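One file, upload_34.cif, is given below (mmCIF, C-alpha atoms).
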```cif
data_my_file
loop_
_atom_site.label_atom_id
_atom_site.label_comp_id
_atom_site.auth_asym_id
_atom_site.auth_seq_id
_atom_site.Cartn_x
_atom_site.Cartn_y
_atom_site.Cartn_z
CA MET A 1 11.46 4.29 23.49
CA MET A 2 7.85 3.77 24.50
CA GLU A 3 7.43 1.08 27.17
CA LEU A 4 4.09 -0.65 27.73
CA ASP A 5 3.35 -2.30 31.05
CA SER A 6 1.62 -5.67 31.51
CA ARG A 7 -1.87 -4.22 31.44
CA GLN A 8 -1.26 -2.19 28.29
CA THR A 9 0.43 -5.13 26.57
CA LEU A 10 -2.55 -7.34 27.36
CA ILE A 11 -5.01 -4.75 26.04
CA LEU A 12 -3.04 -4.45 22.80
CA ALA A 13 -2.80 -8.24 22.41
CA VAL A 14 -6.59 -8.56 22.69
CA LEU A 15 -7.03 -5.79 20.11
CA VAL A 16 -4.60 -7.62 17.81
CA LEU A 17 -6.71 -10.77 18.17
CA PHE A 18 -9.88 -8.85 17.33
CA LEU A 19 -8.15 -7.34 14.31
CA GLY A 20 -7.10 -10.77 13.11
CA ARG A 21 -10.61 -12.15 13.57
CA TYR A 22 -12.15 -9.17 11.75
CA LEU A 23 -9.81 -9.55 8.76
CA ASN A 24 -10.13 -13.35 8.64
CA LYS A 25 -13.90 -13.04 8.35
CA ARG A 26 -13.70 -10.61 5.46
CA ILE A 27 -10.70 -11.73 3.40
CA ASN A 28 -11.31 -14.92 1.45
CA PHE A 29 -7.62 -15.75 1.15
CA LEU A 30 -7.25 -15.92 4.93
CA GLN A 31 -10.33 -18.14 5.24
CA LYS A 32 -9.36 -20.40 2.38
CA TYR A 33 -5.91 -21.16 3.74
CA ASN A 34 -6.83 -21.28 7.45
CA ILE A 35 -4.43 -18.56 8.54
CA PRO A 36 -4.65 -18.35 12.38
CA GLU A 37 -6.24 -15.14 13.65
CA PRO A 38 -3.30 -14.23 15.96
CA VAL A 39 -0.92 -14.54 12.99
CA THR A 40 -3.03 -12.20 10.85
CA GLY A 41 -3.37 -9.52 13.51
CA GLY A 42 0.15 -9.96 14.89
CA ILE A 43 1.89 -9.52 11.53
CA ILE A 44 -0.05 -6.35 10.77
CA ALA A 45 0.70 -4.95 14.24
CA SER A 46 4.43 -5.63 13.88
CA VAL A 47 4.45 -3.89 10.47
CA ILE A 48 2.69 -0.86 11.97
CA PHE A 49 5.16 -0.64 14.87
CA SER A 50 8.05 -0.96 12.42
CA ALA A 51 6.61 1.88 10.31
CA ILE A 52 6.41 4.02 13.46
CA TYR A 53 10.05 3.26 14.19
CA PHE A 54 11.25 4.13 10.69
CA THR A 55 9.13 7.30 10.57
CA PHE A 56 9.55 8.73 14.07
CA GLU A 57 12.56 6.69 15.34
CA GLN A 58 10.36 5.58 18.21
CA SER A 59 10.34 1.92 19.29
CA VAL A 60 7.70 0.19 21.37
CA GLU A 61 8.74 -2.22 24.13
CA PHE A 62 6.26 -4.70 25.59
CA SER A 63 6.03 -6.44 28.95
CA LEU A 64 6.00 -10.10 27.93
CA LYS A 65 6.24 -11.88 31.29
CA GLN A 66 2.62 -12.99 31.10
CA ARG A 67 3.30 -14.50 27.67
CA ASP A 68 5.47 -17.20 29.25
CA VAL A 69 2.73 -17.96 31.77
CA LEU A 70 0.18 -18.35 28.97
CA LEU A 71 2.49 -20.80 27.21
CA ILE A 72 2.74 -22.95 30.35
CA VAL A 73 -1.04 -22.87 30.84
CA PHE A 74 -1.64 -23.88 27.24
CA PHE A 75 0.69 -26.88 27.28
CA THR A 76 -0.68 -28.02 30.62
CA CYS A 77 -4.12 -28.00 28.97
CA VAL A 78 -2.71 -30.12 26.15
CA GLY A 79 -1.28 -32.53 28.70
CA LEU A 80 -4.61 -32.78 30.51
CA SER A 81 -6.20 -33.75 27.19
CA ALA A 82 -3.66 -36.50 26.48
CA ARG A 83 -5.10 -39.91 27.23
CA PHE A 84 -2.75 -42.87 26.86
CA SER A 85 -5.49 -44.70 24.96
CA THR A 86 -5.30 -42.07 22.23
CA LEU A 87 -1.49 -42.08 22.37
CA LEU A 88 -1.39 -45.84 21.90
CA GLN A 89 -3.68 -45.51 18.91
CA GLY A 90 -1.20 -43.05 17.40
CA GLY A 91 1.92 -44.89 18.53
CA LYS A 92 3.00 -45.81 15.03
CA ALA A 93 2.52 -42.24 13.81
CA LEU A 94 4.57 -40.97 16.75
CA VAL A 95 7.53 -43.21 15.90
CA ILE A 96 7.33 -42.42 12.18
CA LEU A 97 7.15 -38.67 12.73
CA LEU A 98 10.00 -38.80 15.24
CA VAL A 99 12.31 -40.48 12.72
CA ILE A 100 11.25 -38.06 10.00
CA ALA A 101 11.62 -34.98 12.22
CA VAL A 102 15.11 -35.93 13.42
CA SER A 103 16.20 -36.67 9.85
CA TYR A 104 14.88 -33.32 8.68
CA LEU A 105 17.11 -31.46 11.15
CA PHE A 106 20.08 -32.54 9.03
CA ILE A 107 18.29 -31.49 5.83
CA GLN A 108 17.37 -28.14 7.36
CA ASN A 109 20.96 -27.36 8.33
CA LEU A 110 22.30 -28.45 4.95
CA THR A 111 19.77 -26.14 3.28
CA GLY A 112 20.82 -23.20 5.45
CA VAL A 113 24.54 -23.76 4.94
CA GLY A 114 23.99 -24.13 1.19
CA VAL A 115 22.28 -20.74 1.00
CA ILE A 116 24.81 -18.95 3.22
CA TYR A 117 27.65 -20.39 1.11
CA PHE A 118 26.71 -17.86 -1.62
CA THR A 119 26.88 -14.88 0.77
CA ASP A 120 29.71 -13.19 2.68
CA LEU A 121 28.49 -14.48 6.04
CA PRO A 122 30.23 -17.28 7.98
CA ARG A 123 28.90 -20.73 7.12
CA GLN A 124 27.89 -21.27 10.75
CA VAL A 125 25.16 -18.68 10.20
CA GLY A 126 23.47 -21.32 8.05
CA VAL A 127 23.10 -23.53 11.12
CA LEU A 128 22.08 -20.61 13.33
CA GLY A 129 19.36 -19.65 10.87
CA SER A 130 18.16 -23.24 10.43
CA SER A 131 17.63 -25.88 13.11
CA VAL A 132 18.84 -23.57 15.91
CA SER A 133 16.26 -20.87 15.34
CA LEU A 134 13.61 -22.57 13.18
CA SER A 135 13.14 -26.05 14.66
CA GLY A 136 14.55 -24.82 17.98
CA GLY A 137 12.64 -21.56 18.24
CA HIS A 138 13.44 -18.44 20.23
CA GLY A 139 14.59 -20.29 23.34
CA THR A 140 17.15 -22.38 21.49
CA ALA A 141 18.30 -19.37 19.43
CA ILE A 142 18.86 -17.27 22.55
CA ALA A 143 20.60 -20.13 24.36
CA TRP A 144 23.01 -20.86 21.48
CA ALA A 145 23.70 -17.26 20.39
CA PRO A 146 26.61 -16.70 22.83
CA HIS A 147 28.28 -19.87 21.53
CA PHE A 148 28.13 -18.58 17.96
CA ALA A 149 29.30 -15.11 19.01
CA GLN A 150 32.29 -16.34 21.04
CA GLY A 151 33.25 -19.42 19.06
CA TYR A 152 32.79 -18.15 15.51
CA ALA A 153 33.04 -14.34 15.87
CA ILE A 154 29.44 -13.79 14.78
CA GLU A 155 28.81 -10.67 16.85
CA ASN A 156 25.19 -10.25 15.81
CA ALA A 157 24.36 -13.92 16.42
CA MET A 158 21.59 -13.00 18.84
CA GLU A 159 19.89 -10.70 16.31
CA ILE A 160 20.20 -13.24 13.50
CA GLY A 161 18.82 -16.06 15.65
CA ILE A 162 15.89 -14.05 16.93
CA ALA A 163 15.17 -12.69 13.45
CA CYS A 164 15.03 -16.15 11.88
CA ALA A 165 13.01 -17.50 14.79
CA THR A 166 10.43 -14.72 14.59
CA PHE A 167 10.08 -14.84 10.82
CA GLY A 168 9.98 -18.61 11.01
CA LEU A 169 7.11 -18.31 13.46
CA VAL A 170 5.19 -16.19 10.96
CA LEU A 171 6.03 -18.35 7.95
CA GLY A 172 5.17 -21.51 9.87
CA GLY A 173 1.76 -20.07 10.69
CA ILE A 174 1.16 -19.03 7.10
CA CYS A 175 2.14 -22.18 5.22
CA GLY A 176 0.68 -24.87 7.50
CA GLY A 177 -2.96 -24.21 6.67
CA PRO A 178 -2.51 -24.12 2.88
CA ILE A 179 -0.57 -27.40 2.99
CA ALA A 180 -3.37 -29.14 4.89
CA SER A 181 -6.09 -27.63 2.69
CA PHE A 182 -4.29 -28.78 -0.45
CA LEU A 183 -3.87 -32.33 0.87
CA ILE A 184 -7.43 -32.62 2.20
CA LYS A 185 -8.97 -31.41 -1.06
CA ARG A 186 -6.51 -33.23 -3.30
CA TYR A 187 -7.21 -36.61 -1.67
CA GLN A 188 -10.81 -35.85 -0.57
CA LEU A 189 -10.11 -36.56 3.09
CA SER A 190 -12.43 -36.14 6.07
CA SER A 191 -12.29 -36.60 9.82
CA ASN A 192 -13.56 -39.89 11.25
CA SER A 193 -13.33 -38.81 14.89
CA ASP A 194 -16.28 -37.78 17.05
CA GLU A 195 -14.07 -36.68 19.97
CA HIS A 196 -13.92 -33.13 21.28
CA LEU A 197 -11.11 -31.02 19.93
CA ALA A 198 -8.26 -30.51 22.38
CA VAL A 199 -8.35 -26.88 21.30
CA GLY A 200 -10.72 -25.00 19.07
CA ASN A 201 -13.83 -26.89 20.24
CA LYS A 202 -16.68 -26.41 17.78
CA ASP A 203 -19.43 -27.73 20.09
CA GLU A 204 -21.03 -24.69 21.67
CA GLN A 205 -24.14 -26.48 22.97
CA GLU A 206 -22.51 -27.87 26.11
CA LYS A 207 -22.57 -25.50 29.03
CA ILE A 208 -19.51 -23.69 30.30
CA THR A 209 -20.29 -22.47 33.79
CA VAL A 210 -18.45 -20.74 36.60
CA ASN A 211 -18.17 -24.08 38.41
CA THR A 212 -16.62 -25.85 35.41
CA ILE A 213 -14.06 -23.04 35.06
CA TYR A 214 -13.22 -23.23 38.78
CA LYS A 215 -12.68 -26.99 38.53
CA VAL A 216 -10.42 -26.72 35.48
CA ILE A 217 -8.39 -23.88 37.01
CA LEU A 218 -7.91 -25.92 40.20
CA ILE A 219 -6.61 -28.94 38.28
CA LEU A 220 -4.48 -26.69 36.05
CA CYS A 221 -2.81 -25.08 39.06
CA ILE A 222 -2.09 -28.48 40.63
CA ALA A 223 -0.63 -29.79 37.36
CA ILE A 224 1.51 -26.67 36.86
CA GLY A 225 2.76 -26.92 40.44
CA ILE A 226 3.83 -30.51 39.86
CA GLY A 227 5.42 -29.50 36.56
CA ILE A 228 7.44 -26.68 38.15
CA HIS A 229 8.82 -29.00 40.84
CA LEU A 230 9.57 -31.59 38.18
CA HIS A 231 11.41 -28.93 36.19
CA GLN A 232 13.52 -28.02 39.23
CA PHE A 233 14.42 -31.67 39.72
CA ILE A 234 15.36 -32.11 36.05
CA THR A 235 17.46 -28.93 36.14
CA SER A 236 19.33 -30.23 39.23
CA LEU A 237 20.37 -33.22 37.12
CA GLY A 238 21.98 -30.90 34.59
CA ILE A 239 19.25 -31.33 31.97
CA LYS A 240 17.96 -28.11 30.43
CA LEU A 241 14.38 -28.12 29.21
CA PRO A 242 11.80 -25.34 28.83
CA THR A 243 9.46 -25.07 31.82
CA PHE A 244 6.42 -25.95 29.77
CA VAL A 245 7.76 -29.44 28.98
CA PRO A 246 7.53 -30.81 32.55
CA CYS A 247 4.15 -29.10 32.92
CA LEU A 248 2.96 -30.89 29.78
CA PHE A 249 4.04 -34.22 31.24
CA ALA A 250 2.50 -33.38 34.62
CA GLY A 251 -0.83 -32.92 32.86
CA ILE A 252 -0.37 -36.23 31.03
CA ILE A 253 0.46 -38.04 34.27
CA LEU A 254 -2.55 -36.64 36.14
CA THR A 255 -4.95 -37.36 33.28
CA ASN A 256 -3.86 -40.97 33.05
CA THR A 257 -3.79 -41.73 36.79
CA ILE A 258 -6.38 -39.70 38.73
CA PRO A 259 -9.46 -40.79 36.69
CA LEU A 260 -8.39 -44.42 37.13
CA LEU A 261 -8.01 -44.07 40.91
CA TRP A 262 -11.17 -42.00 41.40
CA LYS A 263 -13.53 -43.00 38.61
CA ASP A 264 -16.40 -40.81 39.85
CA LEU A 265 -14.25 -37.67 39.91
CA PRO A 266 -15.18 -35.28 37.05
CA TRP A 267 -12.13 -34.72 34.87
CA PRO A 268 -11.69 -31.91 32.32
CA SER A 269 -10.22 -33.96 29.45
CA GLY A 270 -12.24 -33.38 26.29
CA THR A 271 -14.51 -30.75 27.86
CA PRO A 272 -15.47 -27.42 26.25
CA THR A 273 -14.14 -25.57 29.31
CA LEU A 274 -10.64 -26.96 28.89
CA ALA A 275 -10.79 -26.20 25.16
CA LEU A 276 -11.85 -22.62 25.96
CA ILE A 277 -8.90 -22.04 28.28
CA SER A 278 -6.57 -23.63 25.71
CA ASP A 279 -7.78 -21.32 22.96
CA PHE A 280 -7.56 -18.29 25.24
CA SER A 281 -3.96 -19.01 26.28
CA LEU A 282 -2.71 -19.90 22.81
CA GLY A 283 -4.32 -16.92 21.10
CA LEU A 284 -2.86 -14.36 23.48
CA PHE A 285 0.58 -16.01 23.43
CA LEU A 286 0.81 -15.86 19.64
CA ALA A 287 -0.58 -12.31 19.51
CA MET A 288 2.03 -11.08 21.98
CA SER A 289 4.85 -12.94 20.22
CA LEU A 290 4.05 -11.59 16.77
CA MET A 291 3.11 -8.01 17.61
CA SER A 292 6.44 -7.57 19.45
CA LEU A 293 8.60 -8.37 16.41
CA GLN A 294 11.25 -5.68 15.87
CA LEU A 295 11.53 -5.84 12.10
CA TRP A 296 13.87 -2.85 11.90
CA THR A 297 16.76 -4.81 13.45
CA LEU A 298 17.07 -6.86 10.26
CA VAL A 299 17.64 -4.20 7.62
CA ASP A 300 21.33 -4.94 6.98
CA LEU A 301 20.76 -8.70 6.90
CA ALA A 302 17.51 -8.57 4.99
CA LEU A 303 18.71 -10.19 1.74
CA PRO A 304 20.63 -13.17 3.21
CA ILE A 305 17.87 -13.91 5.70
CA LEU A 306 15.22 -13.56 2.99
CA LEU A 307 17.07 -16.03 0.76
CA LEU A 308 17.59 -18.47 3.62
CA LEU A 309 13.97 -18.37 4.81
CA THR A 310 12.58 -18.57 1.28
CA MET A 311 14.56 -21.72 0.59
CA GLN A 312 13.58 -23.21 3.95
CA VAL A 313 9.89 -22.66 3.18
CA ILE A 314 10.25 -24.32 -0.22
CA VAL A 315 12.12 -27.30 1.21
CA ILE A 316 9.75 -27.88 4.15
CA THR A 317 6.70 -27.60 1.87
CA LEU A 318 8.03 -30.22 -0.52
CA PHE A 319 9.25 -32.41 2.34
CA THR A 320 5.89 -32.26 4.13
CA VAL A 321 3.77 -32.98 1.07
CA PHE A 322 5.90 -35.73 -0.44
CA ILE A 323 7.49 -37.34 2.64
CA VAL A 324 5.61 -36.60 5.88
CA PHE A 325 2.08 -36.96 4.52
CA ARG A 326 2.82 -40.13 2.61
CA ALA A 327 4.82 -41.76 5.40
CA LEU A 328 1.94 -41.19 7.83
CA GLY A 329 -0.59 -42.96 5.63
CA LYS A 330 -2.07 -40.26 3.35
CA ASN A 331 -5.20 -39.96 5.55
CA TYR A 332 -6.96 -37.08 7.31
CA ASP A 333 -4.82 -37.35 10.47
CA ALA A 334 -1.72 -37.27 8.27
CA ALA A 335 -2.91 -34.05 6.63
CA VAL A 336 -3.55 -32.35 9.98
CA ILE A 337 -0.20 -33.56 11.34
CA SER A 338 1.46 -32.23 8.18
CA SER A 339 0.07 -28.75 8.83
CA GLY A 340 1.39 -28.93 12.38
CA TYR A 341 4.77 -30.27 11.36
CA ALA A 342 5.29 -27.43 8.88
CA GLY A 343 4.59 -24.96 11.70
CA LEU A 344 6.91 -26.90 14.01
CA ALA A 345 9.83 -27.12 11.58
CA LEU A 346 9.67 -23.41 10.72
CA GLY A 347 8.33 -21.88 13.90
CA ALA A 348 7.47 -23.49 17.21
CA THR A 349 5.13 -25.96 18.82
CA PRO A 350 2.45 -23.31 19.55
CA THR A 351 2.49 -22.40 15.85
CA ALA A 352 2.01 -26.07 15.00
CA ILE A 353 -0.92 -26.27 17.40
CA ALA A 354 -2.41 -23.08 15.94
CA ASN A 355 -2.19 -24.52 12.43
CA MET A 356 -3.85 -27.79 13.45
CA THR A 357 -6.50 -25.91 15.42
CA ALA A 358 -7.43 -23.81 12.40
CA VAL A 359 -7.61 -26.89 10.18
CA SER A 360 -9.59 -28.89 12.78
CA LYS A 361 -12.12 -26.11 13.24
CA LYS A 362 -12.87 -26.19 9.54
CA TYR A 363 -12.57 -29.87 8.64
CA GLY A 364 -13.03 -31.82 11.89
CA ALA A 365 -11.19 -33.19 14.91
CA SER A 366 -7.92 -35.11 14.82
CA PRO A 367 -7.09 -36.21 18.40
CA GLN A 368 -4.03 -38.12 17.23
CA ALA A 369 -2.46 -34.98 15.74
CA PHE A 370 -2.79 -33.03 18.99
CA ILE A 371 -0.89 -35.74 20.86
CA VAL A 372 1.80 -36.68 18.35
CA VAL A 373 2.95 -33.22 17.26
CA PRO A 374 3.26 -31.64 20.76
CA LEU A 375 5.22 -34.65 22.04
CA ILE A 376 7.61 -34.42 19.10
CA GLY A 377 7.99 -30.64 19.36
CA ALA A 378 8.10 -30.27 23.12
CA PHE A 379 10.56 -33.00 24.03
CA PHE A 380 12.13 -35.17 21.36
CA ILE A 381 13.16 -32.40 18.96
CA ASP A 382 14.91 -30.35 21.65
CA ILE A 383 17.09 -33.30 22.62
CA ALA A 384 17.88 -34.38 19.06
CA ASN A 385 18.48 -30.80 17.94
CA ALA A 386 21.12 -30.17 20.61
CA VAL A 387 23.12 -33.15 19.33
CA ILE A 388 22.67 -32.33 15.65
CA ILE A 389 23.65 -28.67 16.13
CA GLN A 390 26.93 -29.78 17.65
CA MET A 391 27.49 -32.33 14.88
CA SER A 392 26.78 -29.72 12.18
CA LEU A 393 29.18 -27.17 13.69
CA ALA A 394 31.89 -29.81 14.07
CA TRP A 395 31.44 -30.76 10.41
CA LEU A 396 31.74 -27.13 9.31
CA SER A 397 34.87 -26.66 11.40
#
```
Now that the file is in, can you turn its structure into structure tokens?
Amino acid sequence: MMELDSRQTLILAVLVLFLGRYLNKRINFLQKYNIPEPVTGGIIASVIFSAIYFTFEQSVEFSLKQRDVLLIVFFTCVGLSARFSTLLQGGKALVILLVIAVSYLFIQNLTGVGVIYFTDLPRQVGVLGSSVSLSGGHGTAIAWAPHFAQGYAIENAMEIGIACATFGLVLGGICGGPIASFLIKRYQLSSNSDEHLAVGNKDEQEKITVNTIYKVILILCIAIGIGIHLHQFITSLGIKLPTFVPCLFAGIILTNTIPLLWKDLPWPSGTPTLALISDFSLGLFLAMSLMSLQLWTLVDLALPILLLLTMQVIVITLFTVFIVFRALGKNYDAAVISSGYAGLALGATPTAIANMTAVSKKYGASPQAFIVVPLIGAFFIDIANAVIIQMSLAWLS
């Protein structure tokens, strides 16, 4: 086993990003379908490391502690960009998407169980490989794996959950952009917003200086500190949430209170500096997540997982195009949200944000999308998913 420390992991993640950017600029398919650069480079890196393992029986282990920090920084940036005025404008979309997303958790589990029914695996694997690992992501898969192992004798529950979560992350990053591009071109949609992008800011004329970076970092650290204490308080109440969720809300609270109390205080919401830090954090997080995939752990389960994931991609694509997009009004914001929702339902909230960022960079800003999707993915889905997982397992039993 070859172990890379934090510095080496960071160097490799940056190289993976550069590789993704290089390929995206030169391969028309990647440009046409808005495949995020970290996804492009990360997939290729994971394939290379898997080839090394199969050839030399040598695995590569990464130090991923800084990846969790980058995730917290990114979502705090999203929170600092979330004005209640924008949220109120997208209130209807938030409610609609919440109802749709919760309903789809049932559909996702039924799809997974239906596929697993034709294999020799326990039916509960269909739930593990569906809303647990896809809508829930790695955190939910890791948290629920012991329950599946002890309660249903699925000894490799951890490997199955992580496998589906990692491949879901990749597939969510791949299919989101094409869905949005199809909808935008099919219905000739365009952005009607002149606001700065929360991430992926296209305006490079405004100055980013050392002072603006210092100011944003100061506010970020304060928001993260509040979020960490909030997380400790929530945990003491017996409620389990990822650390980034309270940090997201801390950013939202500060953004919607401090500027009202001190109107002359410069605030980073909508600034190129905040967008720069958001892009930086998100890109490295996705690069580290994807390049560290251990594809060789899935050889024996390759066919069942392939069938399950293939069907999930087909179902979410049809559901997004014919249900989500239409229910949200068949406009530009609906198309961007659809790209994010596909990434959310198959991968994770950062994948959803990456999809929407890639689409927004090409077609224009959608402030509503960057508020609605993170709120659904970071808070509401986790709560609803925990209940629906238990309901699905009880039904199977």
### Task
For atom CA of A:Ile35 and atom CA of A:Val127, quote the distance in Å rounded to one decimal.
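Calculated distance between atom CA of A:Ile35 and atom CA of A:Val127 is 28.1 Å.
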#### Entry: Polymer residues at most 10 Å from A:Met391, only C-alpha atoms, same-chain spacing of 6 or more positions, as an MDAnalysis selection string
chainID A and resid 106 385 397
Restrict the selected residues to C-alpha atoms and save them as an mmCIF file, in the frame of the given file.
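So selection_25.cif came out as:
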```cif
data_model
loop_
_atom_site.group_PDB
_atom_site.id
_atom_site.type_symbol
_atom_site.label_atom_id
_atom_site.label_comp_id
_atom_site.auth_asym_id
_atom_site.auth_seq_id
_atom_site.Cartn_x
_atom_site.Cartn_y
_atom_site.Cartn_z
ATOM 1 C CA PHE A 106 20.080 -32.540 9.030
ATOM 2 C CA ASN A 385 18.480 -30.800 17.940
ATOM 3 C CA SER A 397 34.870 -26.660 11.400
#
```
### Query
atom CA of A:Ile72 to atom CA of A:Ile100: how many Å, to one decimal?
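Computed distance, atom CA of A:Ile72 to atom CA of A:Ile100, equals 26.7 Å.
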### Message
Taking 3 positions as the minimum chain separation for residues in the same chain, which residues sit within 9 Å of stretch 150-160 of chain A when counting all atoms listed in the file? Answer as a PyMOL selection string.
### Response
chain A and resi 121-122+124-125+128-129+133+141-142+144-147+163-165+297-298+301+305
### Message
Just the number, please: distance in Å from atom CA of A:Gly176 to atom CA of A:Met288, one decimal.
### Response
20.0 Å
### Query
So what does the PyMOL selection byres ((chain A and resi 180-194) around 10) actually pick up in this one, as a PyMOL selection string?
chain A and resi 32-34+175-179+195-197+320-321+325+330-340+342+355-356+359-360+362-368
#### Entry: Shell around A:Arg7 at 10 Å using all atoms listed in the file, local window under 5 positions removed, as a list in words
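Result of the neighbour search: Leu12, Ala13, Ser63 and Gln66 of chain A.
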### Query
For the file shown, what are the residues hit by the PyMOL selection byres ((chain A and resi 250) around 12), laid out as a PyMOL selection string?
chain A and resi 72-73+75-82+219-231+243-249+251-258
### Message
With distances taken over only C-alpha atoms, which residue among A:Ala143, A:Ile213, A:Gly112, A:Arg123 lies nearest A:Ala394?
### Response
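Once distances to A:Ala394 are computed over only C-alpha atoms, the minimum belongs to A:Arg123.
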### Query
Excluding same-chain residues fewer than 3 positions from A:Ala93, what lies within 12 Å of it counting all atoms listed in the file, as a PyMOL selection string?
chain A and resi 86-90+96-101+324-331+333-334+337-338+368-373+375-376
### Query
For A:Pro259, which residue among A:Asn24, A:Leu396, A:Arg83, A:Gln8 is the nearest when counting all atoms listed in the file?
A:Arg83
### Message
Assuming the chain letters and numbering stay as they are in my file, what does the PyMOL selection byres ((chain A and resi 104) around 12) actually select? List them as a VMD selection string.
### Response
chain A and resid 97 to 103 105 to 111 130 to 131 134 to 135 312 315 to 316 318 to 320 323 to 324 341 to 342 344 to 346 381 384 to 385 388
### Query
Excluding same-chain residues fewer than 4 positions from A:Ser46, what lies within 9 Å of it counting only C-alpha atoms, as a list in words?
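Near neighbours after the sequence-gap exclusion: Gly41, Gly42, Ser50, Ala51, Leu290, Met291, Ser292, Leu293, Gln294 and Leu295 of chain A.
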Selected residues, C-alpha atoms, written as a CSV table (one decimal), in the frame of the given file, please.
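Saved result, part_26.csv, follows:
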```
chain,number,residue,atom,x,y,z
A,41,GLY,CA,-3.4,-9.5,13.5
A,42,GLY,CA,0.2,-10.0,14.9
A,50,SER,CA,8.0,-1.0,12.4
A,51,ALA,CA,6.6,1.9,10.3
A,290,LEU,CA,4.0,-11.6,16.8
A,291,MET,CA,3.1,-8.0,17.6
A,292,SER,CA,6.4,-7.6,19.4
A,293,LEU,CA,8.6,-8.4,16.4
A,294,GLN,CA,11.2,-5.7,15.9
A,295,LEU,CA,11.5,-5.8,12.1
```
### Best match for closeness to A:Lys361 among A:Trp267, A:Leu308, A:Gln31, A:Thr119, counting only C-alpha atoms
A:Gln31
#### Entry: Distance criterion (only C-alpha atoms): nearest to A:Asn211 out of A:Gln232, A:Ile383, A:Pro268, A:Val299
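Of the candidates, the smallest distance to A:Asn211 is held by A:Pro268.
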